[in-house]
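Enquirer: work_33.txt is the file, holding compact mmCIF, C-alpha atoms:
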```txt
# COMPACT_ATOMS: atom_id res chain seq x y z
CA MET A 372 -3.13 41.57 -56.00
CA VAL A 373 -6.81 41.72 -56.85
CA ALA A 374 -8.31 41.58 -60.34
CA ARG A 375 -11.81 42.97 -60.35
CA ALA A 376 -14.32 41.00 -62.38
CA ASP A 377 -15.87 44.00 -64.04
CA GLY A 378 -14.22 43.78 -67.42
CA GLY A 379 -14.66 40.47 -69.20
CA VAL A 380 -15.95 38.73 -66.10
CA ALA A 381 -18.72 40.62 -64.33
CA ALA A 382 -18.92 43.52 -66.78
CA GLY A 383 -19.18 46.12 -64.06
CA ARG A 384 -22.64 45.10 -62.93
CA THR A 385 -24.05 44.18 -59.59
CA ALA A 386 -24.58 40.61 -60.65
CA GLY A 387 -28.12 39.32 -60.62
CA TRP A 388 -29.83 42.64 -59.72
CA ARG A 389 -32.16 43.00 -62.71
CA PRO A 390 -35.93 42.91 -62.92
CA GLY A 391 -36.77 39.49 -64.32
CA GLY A 392 -33.15 38.38 -64.25
CA ARG A 393 -31.35 35.85 -66.42
CA ARG A 394 -33.52 33.02 -65.22
CA GLY A 395 -36.69 35.05 -64.74
CA GLY A 396 -38.10 36.83 -61.76
CA GLY A 397 -40.92 35.37 -59.76
CA ARG A 398 -41.08 33.97 -56.28
CA ALA A 399 -39.10 31.38 -54.38
CA ASP A 400 -41.93 30.34 -52.10
CA GLY A 401 -42.97 33.89 -51.41
CA GLY A 402 -39.54 35.27 -52.09
CA VAL A 403 -40.13 38.83 -53.30
CA ALA A 404 -41.89 41.76 -51.72
CA PRO A 405 -45.51 41.90 -52.90
CA GLU A 406 -46.90 44.76 -54.95
CA GLY A 407 -47.03 47.98 -52.99
CA ARG A 408 -44.31 47.02 -50.50
CA GLY A 409 -40.69 48.08 -50.48
CA ALA A 410 -37.84 45.81 -49.49
CA ALA A 411 -38.41 46.55 -45.84
CA GLY A 412 -42.16 46.37 -45.99
CA GLY A 413 -42.67 50.12 -46.22
CA GLY A 414 -43.72 52.21 -49.20
CA GLY A 415 -42.34 51.89 -52.67
CA GLY A 416 -42.83 49.77 -55.76
CA ARG A 417 -42.47 46.06 -56.15
CA ILE A 418 -38.96 44.62 -56.08
CA VAL A 419 -38.34 41.65 -58.36
CA LEU A 420 -35.12 39.77 -57.76
CA ALA A 421 -33.88 37.02 -60.03
CA MET A 422 -34.15 33.52 -58.58
CA HIS A 423 -30.63 32.39 -59.52
CA GLY A 424 -30.54 28.91 -58.05
CA ASP A 425 -33.75 29.18 -56.03
CA GLU A 426 -36.30 28.25 -58.66
CA MET A 427 -39.33 26.70 -57.04
CA THR A 428 -40.01 23.06 -57.72
CA ALA A 429 -43.33 21.42 -57.04
CA ALA A 430 -43.65 20.38 -53.42
CA SER A 431 -43.11 16.65 -53.01
CA PRO A 432 -46.14 14.89 -51.56
CA GLY A 433 -45.95 13.02 -48.31
CA PRO A 434 -43.36 12.98 -45.53
CA PRO A 435 -39.67 13.02 -46.39
CA PRO A 436 -37.72 9.74 -46.46
CA ALA A 437 -35.40 8.79 -43.61
CA SER A 438 -32.58 9.48 -46.05
CA GLY A 439 -32.43 11.07 -49.48
CA ALA A 440 -29.35 9.00 -50.33
CA TRP A 441 -29.00 7.04 -53.55
CA ARG A 442 -29.17 3.33 -52.74
CA PRO A 443 -28.18 0.25 -54.77
CA GLY A 444 -31.21 -0.65 -56.83
CA ASP A 445 -32.20 2.97 -57.45
CA PRO A 446 -32.00 4.25 -61.06
CA VAL A 447 -28.35 4.73 -62.00
CA GLY A 448 -28.82 7.69 -64.33
CA ARG A 449 -25.49 8.83 -65.81
CA ARG A 450 -23.44 7.43 -62.94
CA GLN A 451 -20.51 5.12 -63.52
CA PHE A 452 -18.97 3.16 -60.66
CA VAL A 453 -15.54 1.93 -59.70
CA THR A 454 -14.47 0.00 -56.60
CA LEU A 455 -11.15 1.06 -55.08
CA PHE A 456 -9.00 0.02 -52.13
CA GLU A 457 -9.79 -3.67 -52.26
CA GLY A 458 -7.68 -6.80 -52.53
CA ALA A 459 -3.98 -6.24 -53.19
CA ASP A 460 -4.48 -2.49 -53.22
CA GLY A 461 -5.08 -2.54 -49.48
CA PRO A 462 -7.45 -0.29 -47.55
CA LEU A 463 -7.64 3.49 -47.61
CA ARG A 464 -5.56 4.66 -44.65
CA LEU A 465 -7.34 7.65 -43.14
CA GLU A 466 -5.54 10.76 -41.98
CA LEU A 467 -7.12 10.73 -38.51
CA GLY A 468 -6.58 7.01 -38.01
CA GLY A 469 -8.27 3.83 -39.12
CA THR A 470 -8.93 2.39 -42.54
CA LEU A 471 -11.78 2.05 -44.99
CA ALA A 472 -12.22 -0.69 -47.58
CA PRO A 473 -13.50 -1.07 -50.14
CA VAL A 474 -14.46 2.37 -51.42
CA VAL A 475 -17.02 2.62 -54.20
CA VAL A 476 -16.92 5.85 -56.21
CA ALA A 477 -19.79 7.10 -58.34
CA TYR A 478 -18.71 9.49 -61.06
CA GLU A 479 -19.87 11.01 -64.33
CA THR A 480 -17.91 12.04 -67.40
CA TRP A 481 -18.42 14.34 -70.37
CA GLY A 482 -16.31 14.65 -73.50
CA GLU A 483 -13.56 12.27 -74.62
CA PRO A 484 -9.94 11.85 -73.49
CA ASN A 485 -7.28 12.59 -76.07
CA ARG A 486 -4.53 10.09 -76.93
CA GLY A 487 -2.29 11.08 -74.06
CA ARG A 488 -5.16 11.73 -71.62
CA THR A 489 -3.69 15.19 -71.08
CA ASN A 490 -7.03 16.97 -71.50
CA ALA A 491 -8.68 15.62 -68.33
CA VAL A 492 -10.42 18.09 -66.00
CA LEU A 493 -11.59 17.12 -62.53
CA VAL A 494 -14.63 19.02 -61.21
CA ALA A 495 -15.07 18.88 -57.42
CA HIS A 496 -18.53 19.50 -55.96
CA ALA A 497 -19.48 21.32 -52.76
CA LEU A 498 -21.14 20.08 -49.56
CA THR A 499 -24.53 18.93 -50.86
CA GLY A 500 -23.52 18.47 -54.49
CA ASP A 501 -22.90 15.19 -56.29
CA SER A 502 -21.50 13.76 -59.51
CA HIS A 503 -24.34 15.17 -61.62
CA ALA A 504 -22.60 18.41 -62.50
CA ALA A 505 -24.23 18.64 -65.93
CA GLY A 506 -27.20 17.20 -67.74
CA PRO A 507 -30.96 17.12 -67.32
CA ALA A 508 -33.05 15.79 -64.48
CA GLY A 509 -34.39 12.31 -64.97
CA PRO A 510 -34.33 8.82 -63.48
CA GLY A 511 -31.49 8.74 -60.96
CA HIS A 512 -31.11 12.53 -60.96
CA ARG A 513 -33.77 14.50 -59.12
CA TYR A 514 -32.52 17.86 -60.45
CA PRO A 515 -30.51 19.11 -63.45
CA GLY A 516 -26.74 19.34 -63.11
CA TRP A 517 -25.58 21.89 -60.57
CA TRP A 518 -23.07 23.44 -63.05
CA ASP A 519 -25.02 22.61 -66.20
CA HIS A 520 -24.64 26.19 -67.42
CA SER A 521 -20.84 25.82 -67.48
CA ILE A 522 -20.14 22.23 -68.63
CA GLY A 523 -20.87 21.06 -72.16
CA PRO A 524 -20.03 21.59 -75.83
CA GLY A 525 -18.95 25.19 -76.38
CA LYS A 526 -19.54 26.12 -72.73
CA ASP A 527 -16.99 27.44 -70.25
CA ILE A 528 -15.67 23.94 -69.58
CA ASP A 529 -15.92 22.94 -73.20
CA THR A 530 -16.46 19.20 -73.58
CA ASN A 531 -15.39 19.42 -77.22
CA ARG A 532 -11.95 20.20 -75.78
CA TRP A 533 -11.87 18.69 -72.30
CA PHE A 534 -12.56 15.27 -70.84
CA VAL A 535 -14.48 16.22 -67.70
CA VAL A 536 -14.81 13.95 -64.65
CA CYS A 537 -16.95 14.69 -61.59
CA PRO A 538 -17.00 12.12 -58.75
CA ASN A 539 -19.32 12.06 -55.78
CA VAL A 540 -17.07 12.74 -52.81
CA LEU A 541 -16.04 10.22 -50.14
CA GLY A 542 -18.63 10.49 -47.36
CA GLY A 543 -21.30 11.66 -49.80
CA CYS A 544 -24.65 10.02 -50.39
CA GLN A 545 -25.12 9.76 -54.13
CA GLY A 546 -23.30 6.53 -54.93
CA THR A 547 -19.87 6.96 -53.33
CA THR A 548 -19.16 5.20 -50.03
CA GLY A 549 -20.64 7.17 -47.14
CA PRO A 550 -22.78 6.70 -44.02
CA ALA A 551 -25.80 5.48 -46.02
CA SER A 552 -23.76 2.91 -47.97
CA PRO A 553 -23.92 -0.81 -47.15
CA HIS A 554 -21.19 -1.98 -44.79
CA PRO A 555 -19.23 -4.85 -46.39
CA GLU A 556 -19.58 -7.03 -43.29
CA ASP A 557 -23.36 -7.14 -42.95
CA GLY A 558 -24.89 -5.10 -45.79
CA ARG A 559 -26.56 -2.66 -43.39
CA PRO A 560 -25.79 1.08 -43.75
CA TYR A 561 -22.56 2.20 -42.13
CA GLY A 562 -24.44 4.78 -40.07
CA SER A 563 -22.56 5.43 -36.82
CA ARG A 564 -19.77 3.08 -37.92
CA PHE A 565 -18.62 5.38 -40.69
CA PRO A 566 -15.18 6.78 -39.76
CA ARG A 567 -14.07 10.39 -39.43
CA ILE A 568 -12.63 11.65 -42.68
CA THR A 569 -10.83 14.75 -43.93
CA ILE A 570 -10.48 16.68 -47.16
CA ARG A 571 -7.14 14.89 -47.64
CA ASP A 572 -8.88 11.51 -47.45
CA GLN A 573 -11.35 12.67 -50.10
CA VAL A 574 -8.50 13.72 -52.38
CA ALA A 575 -6.72 10.39 -51.76
CA VAL A 576 -9.83 8.66 -53.11
CA GLU A 577 -9.91 11.01 -56.10
CA ALA A 578 -6.24 10.22 -56.76
CA ALA A 579 -7.06 6.49 -56.75
CA LEU A 580 -9.93 7.20 -59.16
CA SER A 581 -7.45 9.04 -61.38
CA ASP A 582 -5.23 5.96 -61.43
CA ALA A 583 -8.18 3.74 -62.30
CA LEU A 584 -9.05 6.06 -65.21
CA GLY A 585 -5.44 6.13 -66.44
CA ILE A 586 -5.02 9.85 -65.76
CA ASP A 587 -1.52 10.64 -64.54
CA ARG A 588 -1.96 14.40 -64.43
CA TRP A 589 -5.04 16.59 -64.49
CA ALA A 590 -5.05 19.52 -66.88
CA ALA A 591 -7.09 21.24 -64.20
CA VAL A 592 -8.87 20.57 -60.93
CA ILE A 593 -11.78 22.97 -60.48
CA GLY A 594 -14.01 23.53 -57.47
CA GLY A 595 -15.91 26.03 -55.36
CA SER A 596 -16.49 25.99 -51.60
CA MET A 597 -15.73 22.45 -50.37
CA GLY A 598 -14.77 21.64 -53.96
CA GLY A 599 -12.29 24.51 -53.86
CA MET A 600 -10.75 23.01 -50.72
CA ARG A 601 -10.13 19.79 -52.62
CA ALA A 602 -8.73 21.62 -55.65
CA LEU A 603 -6.24 23.35 -53.36
CA GLU A 604 -5.44 20.11 -51.53
CA TRP A 605 -4.71 18.49 -54.88
CA ALA A 606 -2.21 21.26 -55.68
CA VAL A 607 -0.51 20.96 -52.30
CA GLY A 608 -0.66 17.21 -51.71
CA HIS A 609 -0.13 16.01 -55.29
CA PRO A 610 1.94 18.79 -56.86
CA GLY A 611 3.12 16.66 -59.78
CA ARG A 612 -0.37 15.60 -60.81
CA VAL A 613 -2.06 18.97 -61.36
CA GLU A 614 -1.35 21.48 -64.15
CA ARG A 615 -3.89 24.05 -62.92
CA ALA A 616 -5.96 24.48 -59.78
CA VAL A 617 -9.04 26.66 -60.15
CA VAL A 618 -10.19 27.63 -56.66
CA VAL A 619 -13.40 29.55 -56.00
CA ALA A 620 -14.83 30.89 -52.73
CA CYS A 621 -12.82 29.09 -50.07
CA GLY A 622 -9.74 29.52 -47.93
CA ALA A 623 -6.57 27.54 -47.25
CA ALA A 624 -7.82 26.57 -43.78
CA ALA A 625 -11.18 26.66 -42.02
CA SER A 626 -11.66 29.81 -39.93
CA ALA A 627 -13.03 29.95 -36.40
CA GLU A 628 -16.38 31.26 -37.64
CA GLN A 629 -16.66 28.56 -40.30
CA ILE A 630 -15.92 25.87 -37.72
CA GLY A 631 -18.47 27.42 -35.38
CA LEU A 632 -21.20 27.57 -38.01
CA CYS A 633 -20.59 23.98 -39.11
CA SER A 634 -20.49 22.79 -35.52
CA VAL A 635 -23.90 24.31 -34.75
CA GLN A 636 -25.36 22.59 -37.80
CA ILE A 637 -23.81 19.28 -36.79
CA GLU A 638 -25.23 19.60 -33.29
CA ALA A 639 -28.70 20.39 -34.68
CA ILE A 640 -28.68 17.05 -36.51
CA ARG A 641 -27.25 15.04 -33.62
CA ALA A 642 -29.76 16.57 -31.21
CA ASP A 643 -32.69 15.25 -33.25
CA PRO A 644 -33.83 12.06 -31.45
CA ALA A 645 -34.64 10.56 -34.85
CA PHE A 646 -30.92 10.68 -35.73
CA ARG A 647 -30.43 7.74 -33.33
CA GLY A 648 -26.70 8.28 -33.13
CA GLY A 649 -26.48 7.91 -36.90
CA ASP A 650 -28.35 4.61 -37.23
CA TYR A 651 -31.69 5.80 -38.61
CA HIS A 652 -31.65 4.53 -42.18
CA ASP A 653 -34.33 1.89 -41.53
CA ALA A 654 -36.82 4.48 -40.26
CA ALA A 655 -40.13 4.96 -42.03
CA PRO A 656 -40.83 8.10 -44.09
CA GLY A 657 -41.31 11.05 -41.79
CA GLU A 658 -39.49 9.32 -38.92
CA GLY A 659 -35.92 10.15 -39.93
CA PRO A 660 -33.81 13.12 -38.75
CA HIS A 661 -35.28 15.57 -41.26
CA ARG A 662 -36.09 18.10 -38.53
CA GLY A 663 -32.51 18.30 -37.32
CA MET A 664 -31.12 18.43 -40.83
CA GLY A 665 -33.75 21.04 -41.70
CA ILE A 666 -32.51 23.30 -38.92
CA ALA A 667 -28.94 22.74 -40.09
CA ARG A 668 -29.90 23.62 -43.64
CA ARG A 669 -31.66 26.81 -42.58
CA ILE A 670 -28.57 27.94 -40.66
CA GLY A 671 -26.27 27.01 -43.51
CA HIS A 672 -28.42 28.61 -46.16
CA LEU A 673 -28.46 31.94 -44.34
CA SER A 674 -24.65 31.90 -44.36
CA TYR A 675 -24.64 31.09 -48.08
CA ARG A 676 -26.57 34.24 -49.02
CA SER A 677 -26.00 37.92 -48.23
CA GLU A 678 -27.91 40.18 -45.86
CA SER A 679 -28.40 42.67 -48.69
CA GLU A 680 -30.07 40.06 -50.88
CA LEU A 681 -32.38 38.89 -48.09
CA ALA A 682 -33.34 42.47 -47.29
CA ALA A 683 -34.08 43.33 -50.92
CA ARG A 684 -35.79 40.09 -51.71
CA PHE A 685 -37.92 39.53 -48.62
CA GLY A 686 -37.78 42.48 -46.26
CA ARG A 687 -40.53 42.00 -43.68
CA ALA A 688 -43.09 40.73 -46.17
CA PRO A 689 -45.41 37.99 -44.94
CA GLN A 690 -45.71 34.77 -46.86
CA VAL A 691 -48.56 35.07 -49.36
CA GLY A 692 -51.81 33.95 -47.80
CA GLU A 693 -50.40 33.91 -44.26
CA ASP A 694 -50.66 36.31 -41.34
CA ALA A 695 -47.35 37.68 -40.04
CA PRO A 696 -47.18 39.01 -37.44
CA GLY A 697 -49.64 36.47 -36.16
CA ASP A 698 -49.84 32.74 -36.69
CA GLY A 699 -48.33 32.86 -40.18
CA ARG A 700 -44.80 33.02 -41.49
CA TYR A 701 -42.72 35.78 -42.97
CA ALA A 702 -41.69 35.15 -46.56
CA VAL A 703 -38.08 34.53 -45.57
CA GLU A 704 -39.22 31.81 -43.16
CA SER A 705 -41.17 30.12 -45.94
CA TYR A 706 -38.10 30.31 -48.16
CA LEU A 707 -35.95 28.57 -45.55
CA ASP A 708 -38.65 25.96 -44.92
CA HIS A 709 -38.69 25.19 -48.63
CA HIS A 710 -34.93 24.63 -48.75
CA ALA A 711 -35.00 22.46 -45.64
CA ASP A 712 -37.67 20.19 -47.11
CA LYS A 713 -35.98 20.10 -50.50
CA LEU A 714 -32.68 18.92 -48.99
CA ALA A 715 -34.34 16.22 -46.86
CA ARG A 716 -35.58 14.57 -50.06
CA ARG A 717 -32.20 14.44 -51.80
CA PHE A 718 -29.54 14.24 -49.09
CA ASP A 719 -28.51 12.21 -46.06
CA ALA A 720 -28.14 13.57 -42.52
CA GLY A 721 -25.14 11.34 -41.80
CA SER A 722 -23.36 12.67 -44.87
CA TYR A 723 -24.17 16.23 -43.77
CA VAL A 724 -22.41 15.53 -40.44
CA VAL A 725 -19.42 13.70 -41.93
CA LEU A 726 -18.77 16.27 -44.66
CA SER A 727 -19.26 19.25 -42.34
CA GLU A 728 -16.68 17.78 -39.97
CA ALA A 729 -14.31 17.25 -42.89
CA MET A 730 -14.64 20.93 -43.79
CA ASN A 731 -13.93 21.88 -40.17
CA HIS A 732 -10.66 19.92 -40.39
CA HIS A 733 -9.61 21.65 -43.62
CA ASP A 734 -6.07 23.03 -43.27
CA VAL A 735 -3.57 22.48 -46.06
CA GLY A 736 -0.78 23.48 -43.66
CA ARG A 737 -1.46 20.77 -41.05
CA GLY A 738 1.61 18.56 -40.68
CA ARG A 739 3.36 20.45 -43.49
CA GLY A 740 4.99 23.26 -41.56
CA GLY A 741 2.07 25.67 -41.74
CA LEU A 742 0.21 27.43 -44.53
CA ALA A 743 3.18 29.34 -45.93
CA ALA A 744 5.33 26.22 -46.24
CA ALA A 745 2.51 24.12 -47.68
CA LEU A 746 1.38 26.66 -50.26
CA GLY A 747 4.98 27.43 -51.17
CA ARG A 748 5.39 23.89 -52.50
CA VAL A 749 2.63 24.29 -55.11
CA ARG A 750 3.83 23.91 -58.69
CA ALA A 751 0.49 24.20 -60.45
CA THR A 752 -0.83 27.41 -61.92
CA VAL A 753 -3.47 28.54 -59.44
CA ALA A 754 -6.43 30.72 -60.43
CA ILE A 755 -8.39 32.13 -57.49
CA ALA A 756 -11.78 33.85 -57.39
CA GLY A 757 -13.76 35.27 -54.49
CA ILE A 758 -17.12 36.97 -54.11
CA ASP A 759 -17.43 40.45 -52.69
CA SER A 760 -20.65 39.66 -50.77
CA ASP A 761 -19.49 36.29 -49.40
CA ARG A 762 -19.78 36.41 -45.61
CA LEU A 763 -18.95 32.71 -45.15
CA TYR A 764 -15.66 32.74 -47.10
CA PRO A 765 -14.82 36.46 -47.25
CA LEU A 766 -12.35 37.86 -49.74
CA TYR A 767 -9.53 38.21 -47.24
CA LEU A 768 -9.23 34.40 -47.19
CA GLN A 769 -8.61 34.23 -50.94
CA GLN A 770 -6.19 37.16 -50.68
CA GLU A 771 -4.32 35.43 -47.86
CA MET A 772 -4.05 32.28 -49.97
CA ALA A 773 -2.81 34.17 -53.01
CA GLY A 774 -0.18 35.98 -50.96
CA LEU A 775 1.38 32.68 -49.89
CA LEU A 776 1.39 30.98 -53.29
CA PRO A 777 4.38 31.15 -55.65
CA GLY A 778 4.01 34.13 -57.97
CA ARG A 779 1.22 35.61 -55.81
CA PRO A 780 -1.58 35.15 -58.35
CA GLU A 781 -4.25 37.79 -58.64
CA VAL A 782 -7.61 37.23 -57.02
CA THR A 783 -10.54 37.73 -59.36
CA VAL A 784 -13.43 39.40 -57.55
CA VAL A 785 -16.94 38.47 -58.62
CA HIS A 786 -19.42 41.23 -57.85
CA SER A 787 -22.73 39.80 -56.74
CA LEU A 788 -25.62 40.36 -54.38
CA TYR A 789 -25.99 36.63 -53.71
CA GLY A 790 -23.19 35.87 -51.25
CA HIS A 791 -21.32 32.58 -51.12
CA ASP A 792 -23.81 30.81 -53.39
CA SER A 793 -22.69 33.10 -56.22
CA PHE A 794 -20.13 30.46 -57.21
CA LEU A 795 -23.12 28.41 -58.36
CA ILE A 796 -25.41 31.26 -59.36
CA GLU A 797 -23.28 33.77 -61.29
CA SER A 798 -22.84 31.65 -64.37
CA GLU A 799 -21.56 34.48 -66.57
CA ALA A 800 -18.95 35.84 -64.16
CA VAL A 801 -17.72 32.57 -62.70
CA GLY A 802 -17.90 30.86 -66.08
CA ALA A 803 -15.76 33.53 -67.73
CA PHE A 804 -13.21 33.19 -64.91
CA ILE A 805 -13.03 29.41 -65.39
CA ARG A 806 -12.79 29.71 -69.17
CA ALA A 807 -9.88 32.14 -68.85
CA ALA A 808 -8.10 29.86 -66.39
CA LEU A 809 -8.47 26.88 -68.74
CA ASP A 810 -7.39 28.86 -71.81
CA ASP A 811 -4.08 29.61 -70.11
CA GLY A 812 -1.69 27.21 -71.86
CA ALA A 813 -4.44 24.94 -73.23
CA ALA A 814 -2.76 24.25 -76.59
CA GLU A 815 -0.74 21.34 -75.21
CA GLU A 816 -3.82 19.57 -73.86
CA ARG A 817 -5.73 20.03 -77.10
CA ALA A 818 -2.86 18.56 -79.09
CA GLY A 819 -2.02 15.73 -76.66
```
Written as structure tokens, how would this file's structure read?
Expert:
Amino acid sequence: MVARADGGVAAGRTAGWRPGGRRGGGRADGGVAPEGRGAAGGGGGRIVLAMHGDEMTAASPGPPPASGAWRPGDPVGRRQFVTLFEGADGPLRLELGGTLAPVVVAYETWGEPNRGRTNAVLVAHALTGDSHAAGPAGPGHRYPGWWDHSIGPGKDIDTNRWFVVCPNVLGGCQGTTGPASPHPEDGRPYGSRFPRITIRDQVAVEAALSDALGIDRWAAVIGGSMGGMRALEWAVGHPGRVERAVVVACGAAASAEQIGLCSVQIEAIRADPAFRGGDYHDAAPGEGPHRGMGIARRIGHLSYRSESELAARFGRAPQVGEDAPGDGRYAVESYLDHHADKLARRFDAGSYVVLSEAMNHHDVGRGRGGLAAALGRVRATVAIAGIDSDRLYPLYLQQEMAGLLPGRPEVTVVHSLYGHDSFLIESEAVGAFIRAALDDGAAEERAG
């Protein structure tokens, strides 16, 4: 069944399509058709499309670093750290073979646990996210929290009610053990020595974090995209430890197209000579694999947005001050260049490869008798949302998932022009969906 998000969720609008928009109009590095041009560069008035997640930041001076990873000695910000899988605990045994020990996890928290710790909510970030889900930019945090509009006192994930935890994922680059982290044997970055990991390995680390925090059962695990994969894996792999799973914009297994798109991005990074097989972290600024990761980001970013948005927002407009056709760029090229450079200054190419491969391996049915058998074992209440313009994780994947879960929960459809990235952008629609999912049976957690 499908519940359309046009009542209390998306209010019947085409989300984000308003002159000026919620977060203001303006340009994302030349991102709207100039005065006198239509969306396709023909006649017509100016089109102003809300930024929604693409606000321009001042260009960083100088060449990008070899890695945008957080390193020991950098400002900590709001991060807390815990070391897992060491000593008597033994190593983390990886699904595809091998072990990893120790594992350091960087995480952030908001709110306070109640007496029984029954009000704990785990927020799982997507591919290039991190533990800084909420809060301002500052030392240790280059940008404000990626879900800042939804986490906090009185917000959709109300920290007056919930104790919220967001860890940086295994394989990430913002404090949790990943390719840029120091290897325990010699202190040099893992680089090419970092093992292959899966979504299940990431959830195993999150389960160990839960134990360290004294949380036996999560009131909810919430995530979109790669975070949604982990929320679903929690419900399947740890059915007794999750009350609710809130899953946005993902499927129960990676599709052929998703694997293909990730594989092309991985190859773009590996083909950059500056990647050096993964051992590039000692390179000087400007000499790391930012070109390969930039190509990967451009490919990925196109899949995160919709063709309709790109057409309306850019059309065939040239970048301001440049000649296209000619030696200059089209506005959409400038937009992609901006996002490539922005990522190179805050992320790590090795993490991009490791996490993309983990998403390719995503399949909650592997080794569990298939999707129907795996999803049939879920005991948590599952709330599912999809986006009608999402070409990377189209709605049929959420509908397939819902059809195999006990009770066949409805799929909430978020109407948006912005494609897959709407799970981050459409704060009103997605936030209302999350709030409703958390309000379902919340009295016990509040009283715990």
Enquirer: For atom CA of A:Glu577 and atom CA of A:Val540, determine how far apart the two atoms are, in Å to one decimal place.
Expert: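 Distance between the two atoms: 8.1 Å.
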Enquirer: Atom CA of A:Val784 and atom CA of A:Asp761, how far apart in Å?
Expert: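 Answer for the atom CA of A:Asp761 to atom CA of A:Val784 separation: 10.6 Å.
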Enquirer: Sorted by chain and rising residue number, list the residues of stretch 714-811 of chain A at most 10 Å from stretch 438-455 of chain A (counting all atoms listed in the file), each with its closest atom pair and distance in Å to one decimal, as CSV.
Expert:
```
residue,atom,partner,partner_atom,distance
A:Leu714,CA,A:Gly439,CA,7.9
A:Ala715,CA,A:Gly439,CA,6.1
A:Arg716,CA,A:Gly439,CA,4.7
A:Arg717,CA,A:Gly439,CA,4.1
A:Phe718,CA,A:Gly439,CA,4.3
A:Asp719,CA,A:Ser438,CA,4.9
A:Ala720,CA,A:Ser438,CA,7.0
A:Gly721,CA,A:Ser438,CA,8.8
A:Ser722,CA,A:Ala440,CA,8.9
```
Enquirer: To one decimal in Å, tell me the separation between atom CA of A:Leu498 and atom CA of A:Tyr706.
Expert: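 About the pair atom CA of A:Leu498 and atom CA of A:Tyr706: they are 19.9 Å apart.
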Enquirer: Kindly compute an axis-aligned box around the listed atoms of stretch 794-809 of chain A, allowing 6 Å on each side, and express its centre and edge lengths in Å to one decimal as JSON.
Expert:
```
{"center_x": -16.8, "center_y": 31.4, "center_z": -63.2, "size_x": 29.3, "size_y": 21.0, "size_z": 24.0}
```
Enquirer: Taking only C-alpha atoms into account, which of A:Gly741, A:Gly549, A:Gly542, A:Gly622 comes nearest A:Gly599?
Expert: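 Looking only at the distances to A:Gly599, the closest residue turns out to be A:Gly622.
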Enquirer: Can you tell me, as an MDAnalysis selection string, what residues are no more than 9 Å from A:Leu726 when counting all atoms listed in the file, ignoring any on the same chain fewer than 2 positions away?
Expert: chainID A and resid 498:499 541:543 568:570 597 721:724 728:731
Enquirer: Can you work out which one of A:Arg601, A:His520, A:His672, A:Arg684 has the shortest atom-to-atom distance to A:Ala497, counting all atoms listed in the file?
Expert: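 Checking each candidate against A:Ala497, we get A:Arg601 as the closest.
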Enquirer: Up to 12 Å from (-23.5, 25.2, -71.5) in the file's coordinates: name the residues, counting all atoms listed in the file, as a list in words.
Expert: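 Residues found, by chain and rising number: Ala504, Ala505, Gly506, Pro507, Gly516, Trp517, Trp518, Asp519, His520, Ser521, Ile522, Gly523, Pro524, Gly525, Lys526, Asp527, Ile528, Asp529, Thr530, Asn531, Ser798, Glu799, Gly802, Ala803 and Arg806 of chain A.
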Enquirer: Between A:Gly585, A:Gly648, A:Gly608, A:Gly697, which has the minimum distance to A:Val735 (counting only C-alpha atoms)?
Expert: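 Of A:Gly585, A:Gly648, A:Gly608, A:Gly697, the one nearest A:Val735, counting only C-alpha atoms, is A:Gly608.
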